[in-house]
file coords11.csv (CSV, N, CA and C atoms)
chain,number,residue,atom,x,y,z
P,1,MET,N,257.0,77.6,159.6
P,1,MET,CA,256.9,78.1,161.0
P,1,MET,C,257.1,79.6,160.9
P,2,SER,N,256.2,80.3,161.6
P,2,SER,CA,256.3,81.8,161.7
P,2,SER,C,257.4,82.2,162.6
P,3,GLU,N,258.0,83.3,162.3
P,3,GLU,CA,259.0,83.9,163.2
P,3,GLU,C,258.2,84.6,164.3
P,4,THR,N,258.8,84.8,165.4
P,4,THR,CA,258.2,85.6,166.5
P,4,THR,C,258.8,86.9,166.5
P,5,TYR,N,258.1,87.9,167.1
P,5,TYR,CA,258.6,89.3,167.0
P,5,TYR,C,258.3,90.0,168.3
P,6,ALA,N,259.1,91.0,168.5
P,6,ALA,CA,258.8,92.0,169.6
P,6,ALA,C,258.6,93.3,169.0
P,7,THR,N,257.8,94.2,169.6
P,7,THR,CA,257.6,95.5,169.1
P,7,THR,C,257.9,96.6,170.1
P,8,LEU,N,258.7,97.5,169.7
P,8,LEU,CA,259.1,98.7,170.5
P,8,LEU,C,258.4,99.9,169.9
P,9,THR,N,257.5,100.6,170.7
P,9,THR,CA,256.8,101.7,170.1
P,9,THR,C,257.3,103.0,170.7
P,10,PHE,N,257.5,104.0,169.8
P,10,PHE,CA,257.9,105.3,170.2
P,10,PHE,C,256.9,106.3,169.7
P,11,ALA,N,256.7,107.4,170.4
P,11,ALA,CA,255.7,108.4,170.0
P,11,ALA,C,256.3,109.8,170.3
P,12,GLY,N,255.7,110.8,169.6
P,12,GLY,CA,256.1,112.2,169.8
P,12,GLY,C,257.5,112.5,169.2
P,13,GLY,N,258.1,113.6,169.7
P,13,GLY,CA,259.4,114.0,169.3
P,13,GLY,C,260.5,113.2,170.0
P,14,LEU,N,261.4,112.6,169.2
P,14,LEU,CA,262.4,111.7,169.8
P,14,LEU,C,263.8,112.4,169.7
P,15,ASP,N,264.2,113.1,170.8
P,15,ASP,CA,265.4,113.8,170.8
P,15,ASP,C,266.2,113.7,172.1
P,16,ILE,N,267.3,114.5,172.2
P,16,ILE,CA,268.2,114.4,173.3
P,16,ILE,C,267.5,114.6,174.7
P,17,SER,N,266.4,115.5,174.6
P,17,SER,CA,265.7,115.8,175.9
P,17,SER,C,265.0,114.5,176.5
P,18,ARG,N,264.8,113.5,175.7
P,18,ARG,CA,264.2,112.3,176.1
P,18,ARG,C,265.2,111.1,176.2
P,19,TYR,N,266.5,111.4,176.1
P,19,TYR,CA,267.5,110.4,176.0
P,19,TYR,C,267.3,109.2,177.1
P,20,PRO,N,267.2,109.5,178.4
P,20,PRO,CA,267.1,108.4,179.3
P,20,PRO,C,265.9,107.5,179.0
P,21,GLU,N,264.8,108.1,178.6
P,21,GLU,CA,263.6,107.3,178.3
P,21,GLU,C,263.8,106.5,177.1
P,22,LEU,N,264.4,107.0,176.0
P,22,LEU,CA,264.6,106.3,174.8
P,22,LEU,C,265.5,105.1,175.0
P,23,VAL,N,266.6,105.3,175.7
P,23,VAL,CA,267.5,104.2,176.0
P,23,VAL,C,266.8,103.1,176.8
P,24,GLY,N,266.0,103.6,177.8
P,24,GLY,CA,265.2,102.6,178.6
P,24,GLY,C,264.2,101.8,177.7
P,25,ILE,N,263.6,102.4,176.7
P,25,ILE,CA,262.7,101.6,175.8
P,25,ILE,C,263.6,100.6,175.0
P,26,PHE,N,264.7,101.0,174.5
P,26,PHE,CA,265.5,100.0,173.8
P,26,PHE,C,266.0,98.9,174.7
P,27,ARG,N,266.4,99.2,175.9
P,27,ARG,CA,266.9,98.2,176.8
P,27,ARG,C,265.7,97.3,177.3
P,28,SER,N,264.5,97.8,177.2
P,28,SER,CA,263.4,96.9,177.7
P,28,SER,C,262.9,95.9,176.7
P,29,CYS,N,263.6,95.9,175.5
P,29,CYS,CA,263.2,94.9,174.5
P,29,CYS,C,263.4,93.5,175.0
P,30,PRO,N,262.4,92.6,175.0
P,30,PRO,CA,262.6,91.3,175.4
P,30,PRO,C,263.6,90.5,174.5
P,31,ASP,N,264.3,89.6,175.1
P,31,ASP,CA,265.2,88.8,174.3
P,31,ASP,C,264.6,87.8,173.4
P,32,GLU,N,263.3,87.5,173.6
P,32,GLU,CA,262.6,86.5,172.8
P,32,GLU,C,262.2,87.1,171.5
P,33,GLY,N,262.1,86.3,170.5
P,33,GLY,CA,261.7,86.7,169.2
P,33,GLY,C,262.8,86.9,168.2
P,34,SER,N,262.6,86.5,167.0
P,34,SER,CA,263.6,86.5,166.0
P,34,SER,C,263.6,87.9,165.2
P,35,CYS,N,262.6,88.6,165.4
P,35,CYS,CA,262.4,89.9,164.7
P,35,CYS,C,261.9,91.0,165.7
P,36,VAL,N,262.5,92.2,165.6
P,36,VAL,CA,262.1,93.3,166.4
P,36,VAL,C,261.6,94.4,165.5
P,37,ILE,N,260.4,94.8,165.8
P,37,ILE,CA,259.8,95.9,165.0
P,37,ILE,C,259.9,97.2,165.8
P,38,ILE,N,260.5,98.2,165.2
P,38,ILE,CA,260.5,99.5,165.9
P,38,ILE,C,259.4,100.4,165.2
P,39,ASP,N,258.4,100.6,166.0
P,39,ASP,CA,257.2,101.3,165.5
P,39,ASP,C,257.3,102.8,165.8
P,40,LEU,N,257.6,103.5,164.7
P,40,LEU,CA,257.7,105.0,164.8
P,40,LEU,C,256.5,105.7,164.1
P,41,SER,N,255.5,105.0,164.0
P,41,SER,CA,254.3,105.5,163.2
P,41,SER,C,253.7,106.7,164.0
P,42,ASN,N,253.9,106.8,165.3
P,42,ASN,CA,253.3,107.9,166.0
P,42,ASN,C,254.4,108.9,166.5
P,43,ALA,N,255.6,108.7,165.9
P,43,ALA,CA,256.7,109.7,166.2
P,43,ALA,C,256.5,110.9,165.2
P,44,THR,N,256.7,112.1,165.8
P,44,THR,CA,256.6,113.3,164.9
P,44,THR,C,257.9,113.7,164.3
P,45,TRP,N,259.0,113.4,165.0
P,45,TRP,CA,260.3,113.8,164.5
P,45,TRP,C,261.4,113.0,165.3
P,46,ILE,N,262.6,112.9,164.7
P,46,ILE,CA,263.7,112.2,165.3
P,46,ILE,C,265.0,113.1,165.1
P,47,ASP,N,265.9,112.9,166.0
P,47,ASP,CA,267.2,113.7,165.9
P,47,ASP,C,268.3,112.7,165.8
P,48,SER,N,269.5,113.2,165.7
P,48,SER,CA,270.7,112.3,165.6
P,48,SER,C,271.0,111.5,166.8
P,49,VAL,N,270.6,111.9,168.0
P,49,VAL,CA,270.7,111.1,169.2
P,49,VAL,C,269.9,109.9,169.1
P,50,PHE,N,268.6,110.0,168.7
P,50,PHE,CA,267.8,108.9,168.5
P,50,PHE,C,268.3,107.9,167.5
P,51,MET,N,268.7,108.5,166.3
P,51,MET,CA,269.3,107.6,165.3
P,51,MET,C,270.5,106.9,165.7
P,52,THR,N,271.4,107.5,166.5
P,52,THR,CA,272.5,106.8,167.0
P,52,THR,C,272.1,105.7,167.9
P,53,GLU,N,271.2,105.9,168.8
P,53,GLU,CA,270.7,104.8,169.7
P,53,GLU,C,270.1,103.7,168.9
P,54,LEU,N,269.4,104.1,167.8
P,54,LEU,CA,268.7,103.1,166.9
P,54,LEU,C,269.8,102.2,166.3
P,55,LEU,N,270.9,102.8,165.8
P,55,LEU,CA,272.0,102.0,165.2
P,55,LEU,C,272.7,101.1,166.2
P,56,VAL,N,272.9,101.6,167.5
P,56,VAL,CA,273.5,100.8,168.5
P,56,VAL,C,272.6,99.6,168.8
P,57,PHE,N,271.3,99.8,168.8
P,57,PHE,CA,270.3,98.7,169.0
P,57,PHE,C,270.4,97.8,167.8
P,58,TYR,N,270.5,98.3,166.6
P,58,TYR,CA,270.5,97.5,165.4
P,58,TYR,C,271.7,96.5,165.5
P,59,ARG,N,272.9,97.0,165.9
P,59,ARG,CA,274.1,96.2,166.0
P,59,ARG,C,273.8,95.1,167.0
P,60,LYS,N,273.1,95.4,168.1
P,60,LYS,CA,272.8,94.4,169.1
P,60,LYS,C,271.9,93.3,168.5
P,61,THR,N,270.9,93.7,167.7
P,61,THR,CA,270.0,92.7,167.1
P,61,THR,C,270.8,91.8,166.2
P,62,LEU,N,271.7,92.4,165.4
P,62,LEU,CA,272.5,91.6,164.5
P,62,LEU,C,273.4,90.6,165.2
P,63,LYS,N,274.0,91.0,166.3
P,63,LYS,CA,274.8,90.2,167.1
P,63,LYS,C,274.0,89.0,167.7
P,64,ASN,N,272.8,89.2,168.0
P,64,ASN,CA,271.9,88.2,168.5
P,64,ASN,C,271.1,87.4,167.4
P,65,ASN,N,271.5,87.6,166.2
P,65,ASN,CA,270.8,86.9,165.0
P,65,ASN,C,269.3,87.3,164.9
P,66,ARG,N,269.0,88.5,165.2
P,66,ARG,CA,267.6,89.0,165.1
P,66,ARG,C,267.5,89.9,163.9
P,67,THR,N,266.3,90.0,163.4
P,67,THR,CA,266.0,91.0,162.3
P,67,THR,C,265.4,92.2,162.9
P,68,LEU,N,265.7,93.4,162.3
P,68,LEU,CA,265.1,94.6,162.8
P,68,LEU,C,264.4,95.3,161.6
P,69,VAL,N,263.1,95.7,161.8
P,69,VAL,CA,262.3,96.4,160.8
P,69,VAL,C,261.8,97.7,161.5
P,70,ILE,N,261.8,98.8,160.7
P,70,ILE,CA,261.3,100.0,161.3
P,70,ILE,C,260.0,100.4,160.5
P,71,VAL,N,259.0,100.8,161.3
P,71,VAL,CA,257.7,101.3,160.7
P,71,VAL,C,257.8,102.8,160.9
P,72,ALA,N,257.8,103.5,159.7
P,72,ALA,CA,257.9,105.0,159.7
P,72,ALA,C,257.3,105.6,158.5
P,73,THR,N,256.7,106.8,158.6
P,73,THR,CA,256.2,107.5,157.5
P,73,THR,C,256.5,109.0,157.6
P,74,GLY,N,256.2,109.7,156.6
P,74,GLY,CA,256.3,111.2,156.7
P,74,GLY,C,257.7,111.7,156.9
P,75,ASN,N,257.8,112.7,157.8
P,75,ASN,CA,259.1,113.3,158.1
P,75,ASN,C,260.1,112.3,158.8
P,76,VAL,N,259.6,111.4,159.6
P,76,VAL,CA,260.5,110.5,160.2
P,76,VAL,C,261.1,109.6,159.2
P,77,GLU,N,260.3,109.1,158.2
P,77,GLU,CA,260.8,108.3,157.1
P,77,GLU,C,261.9,109.0,156.3
P,78,LYS,N,261.6,110.3,156.1
P,78,LYS,CA,262.5,111.2,155.3
P,78,LYS,C,263.9,111.3,156.1
P,79,MET,N,263.8,111.5,157.4
P,79,MET,CA,265.0,111.6,158.2
P,79,MET,C,265.8,110.3,158.2
P,80,LEU,N,265.2,109.2,158.3
P,80,LEU,CA,265.9,107.9,158.2
P,80,LEU,C,266.6,107.8,156.8
P,81,ALA,N,265.9,108.2,155.8
P,81,ALA,CA,266.5,108.2,154.4
P,81,ALA,C,267.7,109.1,154.3
P,82,ILE,N,267.5,110.3,154.8
P,82,ILE,CA,268.6,111.3,154.7
P,82,ILE,C,269.9,110.8,155.4
P,83,ALA,N,269.6,110.1,156.6
P,83,ALA,CA,270.7,109.6,157.3
P,83,ALA,C,271.3,108.2,156.7
P,84,GLY,N,270.6,107.7,155.8
P,84,GLY,CA,271.0,106.4,155.1
P,84,GLY,C,270.6,105.2,155.9
P,85,ILE,N,269.9,105.4,157.0
P,85,ILE,CA,269.5,104.2,157.8
P,85,ILE,C,268.6,103.2,157.0
P,86,ASN,N,267.8,103.7,156.1
P,86,ASN,CA,267.0,102.9,155.2
P,86,ASN,C,267.8,102.0,154.3
P,87,ARG,N,269.1,102.2,154.2
P,87,ARG,CA,269.9,101.3,153.4
P,87,ARG,C,270.4,100.2,154.2
P,88,ARG,N,270.4,100.3,155.5
P,88,ARG,CA,270.8,99.2,156.4
P,88,ARG,C,269.7,98.4,157.0
P,89,ILE,N,268.6,99.1,157.3
P,89,ILE,CA,267.4,98.5,158.0
P,89,ILE,C,266.2,98.7,157.1
P,90,ARG,N,265.4,97.7,157.0
P,90,ARG,CA,264.2,97.8,156.2
P,90,ARG,C,263.2,98.7,156.9
P,91,VAL,N,262.7,99.7,156.1
P,91,VAL,CA,261.7,100.7,156.6
P,91,VAL,C,260.4,100.5,155.8
P,92,VAL,N,259.3,100.3,156.5
P,92,VAL,CA,258.0,100.1,155.9
P,92,VAL,C,257.0,101.0,156.5
P,93,ALA,N,255.8,101.1,155.9
P,93,ALA,CA,254.8,102.1,156.2
P,93,ALA,C,253.9,101.6,157.3
P,94,ASP,N,253.8,100.3,157.6
P,94,ASP,CA,252.9,99.9,158.6
P,94,ASP,C,253.3,98.5,159.3
P,95,VAL,N,252.8,98.2,160.4
P,95,VAL,CA,253.2,97.0,161.1
P,95,VAL,C,252.9,95.7,160.4
P,96,THR,N,251.8,95.7,159.6
P,96,THR,CA,251.4,94.5,158.8
P,96,THR,C,252.6,94.2,157.8
P,97,GLU,N,253.1,95.3,157.2
P,97,GLU,CA,254.2,95.1,156.2
P,97,GLU,C,255.4,94.7,157.0
P,98,ALA,N,255.6,95.2,158.2
P,98,ALA,CA,256.8,94.9,158.9
P,98,ALA,C,256.9,93.4,159.3
P,99,ARG,N,255.7,92.8,159.5
P,99,ARG,CA,255.7,91.4,159.8
P,99,ARG,C,256.0,90.4,158.7
P,100,LYS,N,256.0,90.9,157.5
P,100,LYS,CA,256.4,90.1,156.4
P,100,LYS,C,257.9,89.9,156.3
P,101,SER,N,258.3,88.7,155.9
P,101,SER,CA,259.7,88.5,155.7
P,101,SER,C,260.2,89.3,154.5
P,102,PRO,N,261.5,89.7,154.4
P,102,PRO,CA,262.0,90.4,153.3
P,102,PRO,C,261.7,89.7,151.9
P,103,ALA,N,261.8,88.4,151.9
P,103,ALA,CA,261.5,87.7,150.7
P,103,ALA,C,260.1,87.8,150.3
P,104,ARG,N,259.2,87.7,151.3
P,104,ARG,CA,257.7,87.9,150.9
P,104,ARG,C,257.4,89.3,150.4
P,105,ALA,N,258.0,90.3,151.1
P,105,ALA,CA,257.8,91.7,150.7
P,105,ALA,C,258.3,91.9,149.2
P,106,ALA,N,259.5,91.3,148.9
P,106,ALA,CA,260.0,91.5,147.5
P,106,ALA,C,259.1,90.8,146.5
P,107,TRP,N,258.7,89.6,146.9
P,107,TRP,CA,257.8,88.8,146.0
P,107,TRP,C,256.5,89.6,145.7
P,108,GLU,N,255.9,90.1,146.7
P,108,GLU,CA,254.7,90.9,146.6
P,108,GLU,C,254.9,92.2,145.7
P,109,LYS,N,256.1,92.8,145.9
P,109,LYS,CA,256.4,93.9,145.1
P,109,LYS,C,256.4,93.6,143.6
P,110,GLN,N,257.0,92.4,143.3
P,110,GLN,CA,257.1,91.9,141.9
P,110,GLN,C,255.8,91.4,141.4
P,111,HIS,N,254.9,91.0,142.2
P,111,HIS,CA,253.6,90.4,141.8
P,111,HIS,C,252.4,91.1,142.5
P,112,PRO,N,252.2,92.3,142.2
P,112,PRO,CA,251.2,93.1,142.9
P,112,PRO,C,249.7,92.5,142.8
P,113,GLN,N,249.5,91.7,141.8
P,113,GLN,CA,248.1,91.2,141.6
P,113,GLN,C,247.8,90.0,142.5
P,114,ALA,N,248.9,89.3,142.9
P,114,ALA,CA,248.7,88.0,143.6
P,114,ALA,C,249.3,88.2,145.0
P,115,ARG,N,248.4,88.5,146.0
P,115,ARG,CA,248.9,88.7,147.4
P,115,ARG,C,248.3,87.6,148.3
P,116,PRO,N,249.0,86.5,148.4
P,116,PRO,CA,248.4,85.5,149.3
P,116,PRO,C,248.3,86.0,150.8
P,117,SER,N,247.3,85.5,151.5
P,117,SER,CA,247.1,86.0,152.8
P,117,SER,C,246.9,84.9,153.8
P,118,ARG,N,247.6,83.8,153.6
P,118,ARG,CA,247.5,82.6,154.5
P,118,ARG,C,248.2,83.0,155.8
P,119,GLU,N,247.5,82.8,156.9
P,119,GLU,CA,248.1,83.0,158.2
P,119,GLU,C,249.0,81.8,158.6
P,120,GLY,N,250.1,82.1,159.2
P,120,GLY,CA,251.0,81.0,159.7
P,120,GLY,C,251.7,80.3,158.6
P,121,ASP,N,251.9,80.9,157.5
P,121,ASP,CA,252.6,80.2,156.4
P,121,ASP,C,254.1,80.4,156.4
P,122,GLY,N,254.6,80.9,157.5
P,122,GLY,CA,256.1,81.1,157.7
P,122,GLY,C,256.6,82.3,157.1
P,123,ALA,N,255.8,83.2,156.5
P,123,ALA,CA,256.3,84.3,155.8
P,123,ALA,C,256.3,85.6,156.7
P,124,GLU,N,255.8,85.5,157.9
P,124,GLU,CA,255.8,86.7,158.7
P,124,GLU,C,257.2,86.8,159.4
P,125,CYS,N,257.4,88.1,159.8
P,125,CYS,CA,258.6,88.4,160.6
P,125,CYS,C,258.3,88.5,162.0
call {"tool": "encode", "arguments": {"input": "coords11.csv", "output": "structure tokens"}}
result
Amino acid sequence: MSETYATLTFAGGLDISRYPELVGIFRSCPDEGSCVIIDLSNATWIDSVFMTELLVFYRKTLKNNRTLVIVATGNVEKMLAIAGINRRIRVVADVTEARKSPARAAWEKQHPQARPSREGDGAEC
């Protein structure tokens, strides 16, 4: 059985000047779904205020037995790594990768030549 997911999408610069908007996006996340994808693929940069709210949201997802995956590349991915967030939360390069379970992602990393693509096989997040 496939897991269900919700996606929160952020774009542009994510800093203190947008604080009310950022908190509103996090709070708008539906309670349904076992996995939440934070899509930062269109974010240009993030600051400590955004990362703090991201970690607050992460704690909420853990409390509710949900998985959190972040989609980020470039400077945003580097900022997440500098802050050590990538050691707590899985960070991937695209939404397709985010939908894979951690076990599936690890298996594919170890077996790059064999990438099964069956829909609905329970391996999606």
call {"tool": "residues_around", "arguments": {"input": "coords11.csv", "residues": "Gly12 in chain P", "least_positions_apart": "4", "cutoff": "8 Å", "atoms": "all atoms listed in the file", "output": "JSON, numbers by chain"}}
result
{"P": [40, 41, 42, 43, 44, 45, 46]}
call {"tool": "write_last_selection", "arguments": {"input": "coords11.csv", "atoms": "N, CA and C atoms", "output": "mmCIF file, in the coordinates of the input"}}
result
data_model
loop_
_atom_site.group_PDB
_atom_site.id
_atom_site.type_symbol
_atom_site.label_atom_id
_atom_site.label_comp_id
_atom_site.auth_asym_id
_atom_site.auth_seq_id
_atom_site.Cartn_x
_atom_site.Cartn_y
_atom_site.Cartn_z
ATOM 1 N N LEU P 40 257.600 103.500 164.700
ATOM 2 C CA LEU P 40 257.700 105.000 164.800
ATOM 3 C C LEU P 40 256.500 105.700 164.100
ATOM 4 N N SER P 41 255.500 105.000 164.000
ATOM 5 C CA SER P 41 254.300 105.500 163.200
ATOM 6 C C SER P 41 253.700 106.700 164.000
ATOM 7 N N ASN P 42 253.900 106.800 165.300
ATOM 8 C CA ASN P 42 253.300 107.900 166.000
ATOM 9 C C ASN P 42 254.400 108.900 166.500
ATOM 10 N N ALA P 43 255.600 108.700 165.900
ATOM 11 C CA ALA P 43 256.700 109.700 166.200
ATOM 12 C C ALA P 43 256.500 110.900 165.200
ATOM 13 N N THR P 44 256.700 112.100 165.800
ATOM 14 C CA THR P 44 256.600 113.300 164.900
ATOM 15 C C THR P 44 257.900 113.700 164.300
ATOM 16 N N TRP P 45 259.000 113.400 165.000
ATOM 17 C CA TRP P 45 260.300 113.800 164.500
ATOM 18 C C TRP P 45 261.400 113.000 165.300
ATOM 19 N N ILE P 46 262.600 112.900 164.700
ATOM 20 C CA ILE P 46 263.700 112.200 165.300
ATOM 21 C C ILE P 46 265.000 113.100 165.100
#
call {"tool": "select_by_dssp", "arguments": {"input": "coords11.csv", "residues": "chain P", "states": "strand (DSSP E)", "output": "PyMOL selection string"}}
result
chain P and resi 5-14+35-46+67-71+90-92
call {"tool": "residues_around", "arguments": {"input": "coords11.csv", "residues": "Ile37 in chain P", "least_positions_apart": "6", "cutoff": "6 Å", "atoms": "only C-alpha atoms", "output": "ChimeraX atom specification"}}
result
/P:7,68-70
call {"tool": "select_by_dssp", "arguments": {"input": "coords11.csv", "residues": "chain P", "states": "alpha helix (DSSP H)", "output": "PyMOL selection string"}}
result
chain P and resi 19-27+48-63+74-82+95-98+102-110
call {"tool": "closest_residue", "arguments": {"input": "coords11.csv", "among": "P:Ala81, P:Val95, P:Leu22, P:Cys35", "to": "Asn64 in chain P", "atoms": "only C-alpha atoms"}}
result
P:Cys35
call {"tool": "residues_around", "arguments": {"input": "coords11.csv", "residues": "Ala72 in chain P", "least_positions_apart": "6", "cutoff": "7 Å", "atoms": "only N, CA and C atoms", "output": "JSON list (two decimals) with N, CA and C atoms, in the coordinates of the input"}}
result
[["chain", "number", "residue", "atom", "x", "y", "z"],
["P", 38, "ILE", "N", 260.50, 98.20, 165.20],
["P", 38, "ILE", "CA", 260.50, 99.50, 165.90],
["P", 38, "ILE", "C", 259.40, 100.40, 165.20],
["P", 39, "ASP", "N", 258.40, 100.60, 166.00],
["P", 39, "ASP", "CA", 257.20, 101.30, 165.50],
["P", 39, "ASP", "C", 257.30, 102.80, 165.80],
["P", 40, "LEU", "N", 257.60, 103.50, 164.70],
["P", 40, "LEU", "CA", 257.70, 105.00, 164.80],
["P", 40, "LEU", "C", 256.50, 105.70, 164.10],
["P", 41, "SER", "N", 255.50, 105.00, 164.00],
["P", 41, "SER", "CA", 254.30, 105.50, 163.20],
["P", 41, "SER", "C", 253.70, 106.70, 164.00],
["P", 78, "LYS", "N", 261.60, 110.30, 156.10],
["P", 78, "LYS", "CA", 262.50, 111.20, 155.30],
["P", 78, "LYS", "C", 263.90, 111.30, 156.10],
["P", 91, "VAL", "N", 262.70, 99.70, 156.10],
["P", 91, "VAL", "CA", 261.70, 100.70, 156.60],
["P", 91, "VAL", "C", 260.40, 100.50, 155.80],
["P", 92, "VAL", "N", 259.30, 100.30, 156.50],
["P", 92, "VAL", "CA", 258.00, 100.10, 155.90],
["P", 92, "VAL", "C", 257.00, 101.00, 156.50],
["P", 93, "ALA", "N", 255.80, 101.10, 155.90],
["P", 93, "ALA", "CA", 254.80, 102.10, 156.20],
["P", 93, "ALA", "C", 253.90, 101.60, 157.30],
["P", 94, "ASP", "N", 253.80, 100.30, 157.60],
["P", 94, "ASP", "CA", 252.90, 99.90, 158.60],
["P", 94, "ASP", "C", 253.30, 98.50, 159.30]]
call {"tool": "residues_around", "arguments": {"input": "coords11.csv", "residues": "Ile16 in chain P", "least_positions_apart": "5", "cutoff": "8 Å", "atoms": "all atoms listed in the file", "output": "ChimeraX atom specification"}}
result
/P:46-50
call {"tool": "write_last_selection", "arguments": {"input": "coords11.csv", "atoms": "N, CA and C atoms", "output": "mmCIF file, in the frame of the given file"}}
result
data_model
loop_
_atom_site.group_PDB
_atom_site.id
_atom_site.type_symbol
_atom_site.label_atom_id
_atom_site.label_comp_id
_atom_site.auth_asym_id
_atom_site.auth_seq_id
_atom_site.Cartn_x
_atom_site.Cartn_y
_atom_site.Cartn_z
ATOM 1 N N ILE P 46 262.600 112.900 164.700
ATOM 2 C CA ILE P 46 263.700 112.200 165.300
ATOM 3 C C ILE P 46 265.000 113.100 165.100
ATOM 4 N N ASP P 47 265.900 112.900 166.000
ATOM 5 C CA ASP P 47 267.200 113.700 165.900
ATOM 6 C C ASP P 47 268.300 112.700 165.800
ATOM 7 N N SER P 48 269.500 113.200 165.700
ATOM 8 C CA SER P 48 270.700 112.300 165.600
ATOM 9 C C SER P 48 271.000 111.500 166.800
ATOM 10 N N VAL P 49 270.600 111.900 168.000
ATOM 11 C CA VAL P 49 270.700 111.100 169.200
ATOM 12 C C VAL P 49 269.900 109.900 169.100
ATOM 13 N N PHE P 50 268.600 110.000 168.700
ATOM 14 C CA PHE P 50 267.800 108.900 168.500
ATOM 15 C C PHE P 50 268.300 107.900 167.500
#
call {"tool": "closest_residue", "arguments": {"input": "coords11.csv", "among": "P:Arg18, P:Arg59, P:Arg66, P:Arg88", "to": "Gly33 in chain P", "atoms": "all atoms listed in the file"}}
result
P:Arg66
call {"tool": "atom_distance", "arguments": {"input": "coords11.csv", "atom1": "atom N of Asp15 in chain P", "atom2": "atom C of Asn75 in chain P"}}
result
12.7 Å
call {"tool": "atom_distance", "arguments": {"input": "coords11.csv", "atom1": "atom C of Glu3 in chain P", "atom2": "CA of Ser34 in chain P"}}
result
6.0 Å
call {"tool": "closest_residue", "arguments": {"input": "coords11.csv", "among": "P:Asn86, P:Gly24, P:Thr73, P:Lys100", "to": "Glu53 in chain P", "atoms": "only C-alpha atoms"}}
result
P:Gly24
call {"tool": "atom_distance", "arguments": {"input": "coords11.csv", "atom1": "atom C of Ser101 in chain P", "atom2": "atom N of Val71 in chain P"}}
result
13.4 Å
call {"tool": "closest_residue", "arguments": {"input": "coords11.csv", "among": "P:Val36, P:Val23, P:Met79, P:Met51", "to": "Ala6 in chain P", "atoms": "all atoms listed in the file"}}
result
P:Val36
